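*Asks:* Got a structure here, written out as structure tokens. Questions coming.
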Amino acid sequence: MNNQEIIALTDQFIMQTYGRFPVAFVKGEGCYLWDANGKKYLDWLGGIAVNALGHAHPEIVQVLAEQAKTLIHTSNLFYTEPQARLAQLLCEHSFADRVFFCNSGAEANEAAVKLARIWAKSSANKERYEVLTVEKSFHGRTLAMIAATGQDKVKKGFAPLPEGFRTVPFHDLEAMKAAVGPKTCAIMVEPVLGEGGILFHSQEYFTGLRKLCDDHQLLLVFDEIQSGLGRTGRLWAHEHYGVTPDVLTSAKALGTGLPIGACLAREEIAAAFTPGTHATTYGGNPLVCAVAEKFLEILLAPGFLDGIRERGDYFLGGLKKLMETHETIREVRGKGMMLGATLSIPGREVVAAAMAQGLIINSPQENALRFVPPLILTKEQIDEGLARLAGVL
Ligand SMILES: *Cc1c(COP(=O)(O)O)cnc(C)c1O
């Protein structure tokens with residue numbers, strides 16, 4: 001089928017929840033994708049920060065094929081080695097002692113909120129359930145996570161939403177302090193806001209949040225679903241700020257394209273989950289865990305994270321140069337391979353023009369561009385994309 005045929009079939013049978021670009025991809029290799037009409041694209045989106053190792057990475061393909069031949073799924077009524085080993089690897093490389101595996105980011109956040117609530121029941125003040133989040137945040141599309149998300153556009157039409165969430169202004173520590181009440185049990189924030197348009201908080205903000213949580217016995221939950229796993233040039237985004245959370249959620253890149261989410265926590269908190277309290281059928285099956293383990297091995301190999309930081313700086317430098325010659329770019333920002341720009345024109349038009357030029361980018365907010373390419377993007381591929389972007393602008 002060509003692009004037009006795939007699009008027609010999709011639009012006939014798929015529920016119309018997405019505003020898609022009229023392109024159907026059929027093949028990927030490294031940082032490139034090909035559509036059904038044979039056109040080649042440079043991928044600066046990586047499936048929204050998912051394809052961290054690009055497309056068809058040979059080591060991922062190999063472990064996926066081998067594990068598929070061996071064992072794909074058993075359910076969590078039993079033990080499997082890939083799940084145990086992946087959990088060990090995540091704990092050994094984080095503040096956490098235990099992991100709960102699920103299948104998506106929203107589900108990882110659901111697990112974090114359920115954990116916070118059931119943990120609160122075992123704390124001094126048992127009547128707490130409220131989770132504070134920030135405006136412009138994004139935490140997923142389940143009913144509870146649209147309640148948690150600080151953007152009205154995801155909530156419209158779905159009332160009544162679950163109770164127990166309150167959003168406070170972005171990057172406003174005083175507002176957060178003022179919002180903490182007798183029912184509050186946790187604060188959940190993204191170390192870097194992805195869907196919000198690649199927005200960073202300051203060091204003082206994180207230090208302040210940690211102190212606020214310590215002073216009021218609240219859990220600090222970091223949603224690193226988009227910003228974690230090397231995206232910012234450190235394994236975890238919060239490492240840039242020297243502030244440790246109590247609970248962390250991960251997903252997106254974790255399975256490098258296979259669906260997996262994870263909720264990580266320290267022992268005292270994780271202990272609130274006991275057999276029967278929380279579950280999911282697929283969560284952490286041997287197939288996805290074997291792939292995620294291989295991804296982490298590659299990510300943690302000496303020099304890999306350094307390379308992301310180095311090429312990320314190069315990328316940001318290139319964007320800054322582009323800003324000097326193109327006044328439609330108002331601001332650029334980024335850490336590692338998580339970069340964004342604010343424009344004086346609608347981002348969507350730039351994205352469409354870039355697609356026509358064979359460059360895949362996206363616009364998570366009205367005037368913002370987001371660049372979350374595969375972490376293996378080379379300097380040549382940065383130059384190549386910047387040249388195309390310059391042409392578009
Ligand atoms: C993508 C994302 C989610 C939701 O993940 P899904 O896998 O789409 O459910 C939650 N939080 C953040 C920060 C994200 O970027």
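As shown in the structure tokens, the chain order sets the letters A, B, ...; within each chain, residues go from 1, and ligands are also counted from 1 in the order they appear.
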Give one line per residue of chain A that approaches ligand 1 to at most 8 Å, naming the two atoms of the closest pair and their distance in Å to one decimal, counting only C-alpha atoms and all ligand atoms; sort by chain then ascending residue number and deliver it as a Markdown table.

*Replies:*
| residue | atom | partner | partner_atom_place_in_ligand_line | distance |
| --- | --- | --- | --- | --- |
| A:Ile48 | CA | ligand 1 | 1 (C) | 7.7 |
| A:Asn103 | CA | ligand 1 | 7 (O) | 7.4 |
| A:Ser104 | CA | ligand 1 | 7 (O) | 3.8 |
| A:Gly105 | CA | ligand 1 | 5 (O) | 3.2 |
| A:Ala106 | CA | ligand 1 | 9 (O) | 3.6 |
| A:Glu107 | CA | ligand 1 | 9 (O) | 6.3 |
| A:Ala108 | CA | ligand 1 | 9 (O) | 7.9 |
| A:Asn109 | CA | ligand 1 | 10 (C) | 7.0 |
| A:Ser137 | CA | ligand 1 | 13 (C) | 7.4 |
| A:Phe138 | CA | ligand 1 | 11 (N) | 5.3 |
| A:His139 | CA | ligand 1 | 11 (N) | 3.7 |
| A:Gly140 | CA | ligand 1 | 4 (C) | 3.8 |
| A:Arg141 | CA | ligand 1 | 9 (O) | 6.4 |
| A:Thr142 | CA | ligand 1 | 9 (O) | 7.8 |
| A:Glu190 | CA | ligand 1 | 13 (C) | 5.8 |
| A:Val192 | CA | ligand 1 | 13 (C) | 8.0 |
| A:Leu193 | CA | ligand 1 | 13 (C) | 6.5 |
| A:Gly194 | CA | ligand 1 | 15 (O) | 5.5 |
| A:Glu195 | CA | ligand 1 | 15 (O) | 6.1 |
| A:Asp223 | CA | ligand 1 | 13 (C) | 5.5 |
| A:Glu224 | CA | ligand 1 | 13 (C) | 6.0 |
| A:Ile225 | CA | ligand 1 | 12 (C) | 4.8 |
| A:Gln226 | CA | ligand 1 | 15 (O) | 4.2 |
| A:Ser227 | CA | ligand 1 | 13 (C) | 7.1 |
| A:Ala251 | CA | ligand 1 | 7 (O) | 6.3 |
| A:Lys252 | CA | ligand 1 | 7 (O) | 6.0 |
| A:Pro259 | CA | ligand 1 | 7 (O) | 7.7 |
| A:Gly261 | CA | ligand 1 | 7 (O) | 7.3 |

*Asks:* Within segment 120-332 of chain A, find each residue whose DSSP state, derived from the backbone, is strand (DSSP E or B), and express the selection as JSON, numbers by chain.

*Replies:* {"A": [130, 131, 132, 133, 134, 165, 166, 167, 168, 184, 185, 186, 187, 188, 189, 192, 193, 199, 200, 219, 220, 221, 222, 223, 247, 248, 249, 250, 256, 258, 261, 262, 263, 264, 265, 329, 330, 331, 332]}

*Asks:* Find the residues near Val23 of chain A: any atom within 12 Å, counting only C-alpha atoms, skip ones fewer than 2 places away on the same chain, and give them as a PyMOL selection string.

*Replies:* chain A and resi 2-8+10+19-21+25-26+33-41+352+355-356+358+360

*Asks:* Please list as a PyMOL selection string every residue within 9 Å of Glu163 of chain A, counting only C-alpha atoms and excluding residues in the same chain fewer than 6 positions away.

*Replies:* chain A and resi 130+144+147

*Asks:* Find the residues near Ala56 of chain A: any atom within 12 Å, counting only C-alpha atoms, skip ones fewer than 3 places away on the same chain, and give them as a list in words.

*Replies:*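 So the residues in contact are Lys27, Gly28, Glu29, Gly30, Cys31, Tyr32, Leu33, Asn51, Ala52, Leu53, Glu59, Ile60, Val61, Gln62, Val63, Leu64, Ala65, Thr256, Gly257 and Pro374 of chain A.
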
*Asks:* Please extract the residues of segment 33-229 of chain A with a backbone DSSP assignment of alpha helix (DSSP H) and present them as a VMD selection string.

*Replies:* chain A and resid 46 to 49 58 to 70 81 to 92 105 to 121 143 to 148 173 to 179 203 to 216

*Asks:* Please determine, counting only C-alpha atoms, which residue among A:Leu339, A:Leu89, A:Leu296, A:Leu42 has the shortest atom-to-atom distance to Tyr314 of chain A.

*Replies:*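 Distance minimum relative to Tyr314 of chain A lands on A:Leu339.
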
*Asks:* Which of these, A:Cys102, A:Leu393, A:Ala120, A:Leu45, has the shortest distance to Ile260 of chain A once you count only C-alpha atoms?

*Replies:* A:Cys102

*Asks:* Report the distance between atom CA of Leu235 of chain A and atom CA of Gly307 of chain A in Å, rounded to one decimal place.

*Replies:*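 A separation of 12.3 Å between them.
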
*Asks:* Could you work out how far atom CA of Phe101 of chain A lies from atom CA of Phe78 of chain A, giving the answer in Å with one decimal?

*Replies:*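 Pair atom CA of Phe78 of chain A / atom CA of Phe101 of chain A returns 14.0 Å.
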
*Asks:* Give me the residues near segment 212-217 of chain A as a ChimeraX atom specification, where near means some atom within 9 Å (using only C-alpha atoms) and where sequence neighbours in that chain fewer than 4 positions away do not count.

*Replies:* /A:123,176-177,180,184-187,207-208

*Asks:* Using only C-alpha atoms, which of the listed residues (A:Glu366, A:Glu135, A:Asp306, A:Glu268) sits closest to Gly230 of chain A?

*Replies:*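 Distance minimum relative to Gly230 of chain A lands on A:Asp306.
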
*Asks:* Within 10 Å of segment 271-280 of chain A, counting only C-alpha atoms, which residues qualify if same-chain residues fewer than 3 places away don't, as a JSON list (two decimals) with N, CA, C and O atoms, in the first residue's frame?

*Replies:*
[["chain", "number", "residue", "atom", "x", "y", "z"],
["A", 75, "SER", "N", 2.68, -14.11, 32.39],
["A", 75, "SER", "CA", 1.87, -13.45, 33.41],
["A", 75, "SER", "C", 2.68, -13.29, 34.69],
["A", 75, "SER", "O", 3.69, -13.97, 34.89],
["A", 76, "ASN", "N", 2.20, -12.39, 35.53],
["A", 76, "ASN", "CA", 2.90, -12.14, 36.80],
["A", 76, "ASN", "C", 2.47, -13.08, 37.91],
["A", 76, "ASN", "O", 2.73, -12.83, 39.09],
["A", 98, "ARG", "N", 13.09, -0.88, 44.77],
["A", 98, "ARG", "CA", 12.12, -1.80, 44.15],
["A", 98, "ARG", "C", 11.44, -1.13, 42.95],
["A", 98, "ARG", "O", 11.32, 0.08, 42.89],
["A", 100, "PHE", "N", 8.00, -1.51, 40.10],
["A", 100, "PHE", "CA", 6.76, -2.12, 39.60],
["A", 100, "PHE", "C", 6.73, -1.89, 38.10],
["A", 100, "PHE", "O", 6.87, -0.75, 37.64],
["A", 101, "PHE", "N", 6.57, -2.97, 37.32],
["A", 101, "PHE", "CA", 6.53, -2.83, 35.86],
["A", 101, "PHE", "C", 5.11, -2.80, 35.33],
["A", 101, "PHE", "O", 4.24, -3.55, 35.80],
["A", 102, "CYS", "N", 4.89, -1.94, 34.33],
["A", 102, "CYS", "CA", 3.60, -1.87, 33.65],
["A", 102, "CYS", "C", 3.87, -1.63, 32.16],
["A", 102, "CYS", "O", 4.96, -1.97, 31.69],
["A", 103, "ASN", "N", 2.91, -1.04, 31.45],
["A", 103, "ASN", "CA", 3.02, -1.02, 29.99],
["A", 103, "ASN", "C", 3.06, 0.35, 29.34],
["A", 103, "ASN", "O", 3.12, 0.44, 28.13],
["A", 107, "GLU", "N", 0.32, 4.51, 32.98],
["A", 107, "GLU", "CA", 0.17, 3.44, 33.97],
["A", 107, "GLU", "C", 1.25, 3.51, 35.06],
["A", 107, "GLU", "O", 1.00, 3.15, 36.21],
["A", 111, "ALA", "N", 0.48, 3.97, 38.99],
["A", 111, "ALA", "CA", 1.10, 3.16, 40.04],
["A", 111, "ALA", "C", 1.70, 4.07, 41.11],
["A", 111, "ALA", "O", 1.56, 3.80, 42.31],
["A", 114, "LYS", "N", -1.18, 5.56, 43.17],
["A", 114, "LYS", "CA", -1.76, 4.54, 44.05],
["A", 114, "LYS", "C", -0.79, 4.22, 45.19],
["A", 114, "LYS", "O", -1.21, 4.07, 46.34],
["A", 115, "LEU", "N", 0.50, 4.15, 44.86],
["A", 115, "LEU", "CA", 1.50, 3.89, 45.90],
["A", 115, "LEU", "C", 1.51, 5.01, 46.93],
["A", 115, "LEU", "O", 1.54, 4.75, 48.14],
["A", 116, "ALA", "N", 1.46, 6.25, 46.45],
["A", 116, "ALA", "CA", 1.47, 7.40, 47.38],
["A", 116, "ALA", "C", 0.25, 7.34, 48.31],
["A", 116, "ALA", "O", 0.36, 7.58, 49.51],
["A", 117, "ARG", "N", -0.90, 7.00, 47.75],
["A", 117, "ARG", "CA", -2.11, 6.96, 48.57],
["A", 117, "ARG", "C", -2.07, 5.83, 49.59],
["A", 117, "ARG", "O", -2.42, 6.02, 50.76],
["A", 118, "ILE", "N", -1.64, 4.65, 49.16],
["A", 118, "ILE", "CA", -1.64, 3.52, 50.09],
["A", 118, "ILE", "C", -0.51, 3.68, 51.12],
["A", 118, "ILE", "O", -0.64, 3.27, 52.27],
["A", 119, "TRP", "N", 0.58, 4.32, 50.69],
["A", 119, "TRP", "CA", 1.67, 4.62, 51.63],
["A", 119, "TRP", "C", 1.16, 5.60, 52.69],
["A", 119, "TRP", "O", 1.47, 5.45, 53.88],
["A", 120, "ALA", "N", 0.39, 6.60, 52.25],
["A", 120, "ALA", "CA", -0.12, 7.60, 53.20],
["A", 120, "ALA", "C", -0.96, 6.94, 54.29],
["A", 120, "ALA", "O", -0.93, 7.37, 55.45],
["A", 121, "LYS", "N", -1.67, 5.87, 53.92],
["A", 121, "LYS", "CA", -2.51, 5.15, 54.90],
["A", 121, "LYS", "C", -1.66, 4.57, 56.04],
["A", 121, "LYS", "O", -2.15, 4.32, 57.14],
["A", 122, "SER", "N", -0.37, 4.28, 55.72],
["A", 122, "SER", "CA", 0.50, 3.69, 56.74],
["A", 122, "SER", "C", 1.32, 4.75, 57.46],
["A", 122, "SER", "O", 2.15, 4.45, 58.31],
["A", 123, "SER", "N", 1.11, 6.03, 57.11],
["A", 123, "SER", "CA", 1.89, 7.11, 57.72],
["A", 123, "SER", "C", 1.13, 7.71, 58.90],
["A", 123, "SER", "O", -0.01, 7.32, 59.18],
["A", 265, "ALA", "N", 10.75, 2.98, 43.54],
["A", 265, "ALA", "CA", 10.61, 3.60, 44.86],
["A", 265, "ALA", "C", 11.60, 3.02, 45.86],
["A", 265, "ALA", "O", 12.11, 1.92, 45.68],
["A", 266, "ARG", "N", 11.82, 3.80, 46.92],
["A", 266, "ARG", "CA", 12.62, 3.30, 48.03],
["A", 266, "ARG", "C", 11.83, 2.24, 48.80],
["A", 266, "ARG", "O", 10.61, 2.23, 48.79],
["A", 267, "GLU", "N", 12.57, 1.39, 49.51],
["A", 267, "GLU", "CA", 11.98, 0.24, 50.21],
["A", 267, "GLU", "C", 10.82, 0.63, 51.13],
["A", 267, "GLU", "O", 9.74, 0.02, 51.06],
["A", 268, "GLU", "N", 11.01, 1.63, 52.00],
["A", 268, "GLU", "CA", 9.97, 1.96, 53.00],
["A", 268, "GLU", "C", 8.65, 2.33, 52.32],
["A", 268, "GLU", "O", 7.58, 2.11, 52.89],
["A", 283, "GLY", "N", 2.55, -6.52, 32.41],
["A", 283, "GLY", "CA", 3.63, -5.74, 33.02],
["A", 283, "GLY", "C", 4.95, -6.46, 33.17],
["A", 283, "GLY", "O", 5.06, -7.42, 33.92],
["A", 284, "GLY", "N", 5.98, -5.98, 32.49],
["A", 284, "GLY", "CA", 7.32, -6.52, 32.62],
["A", 284, "GLY", "C", 7.44, -7.94, 32.11],
["A", 284, "GLY", "O", 8.12, -8.77, 32.73]]

*Asks:* Find, counting only C-alpha atoms, the residue in A:Ile329, A:Ala270, A:Leu299, A:Leu359 that gets nearest to Pro346 of chain A.

*Replies:*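 For Pro346 of chain A, the nearest of the candidates is A:Ile329.
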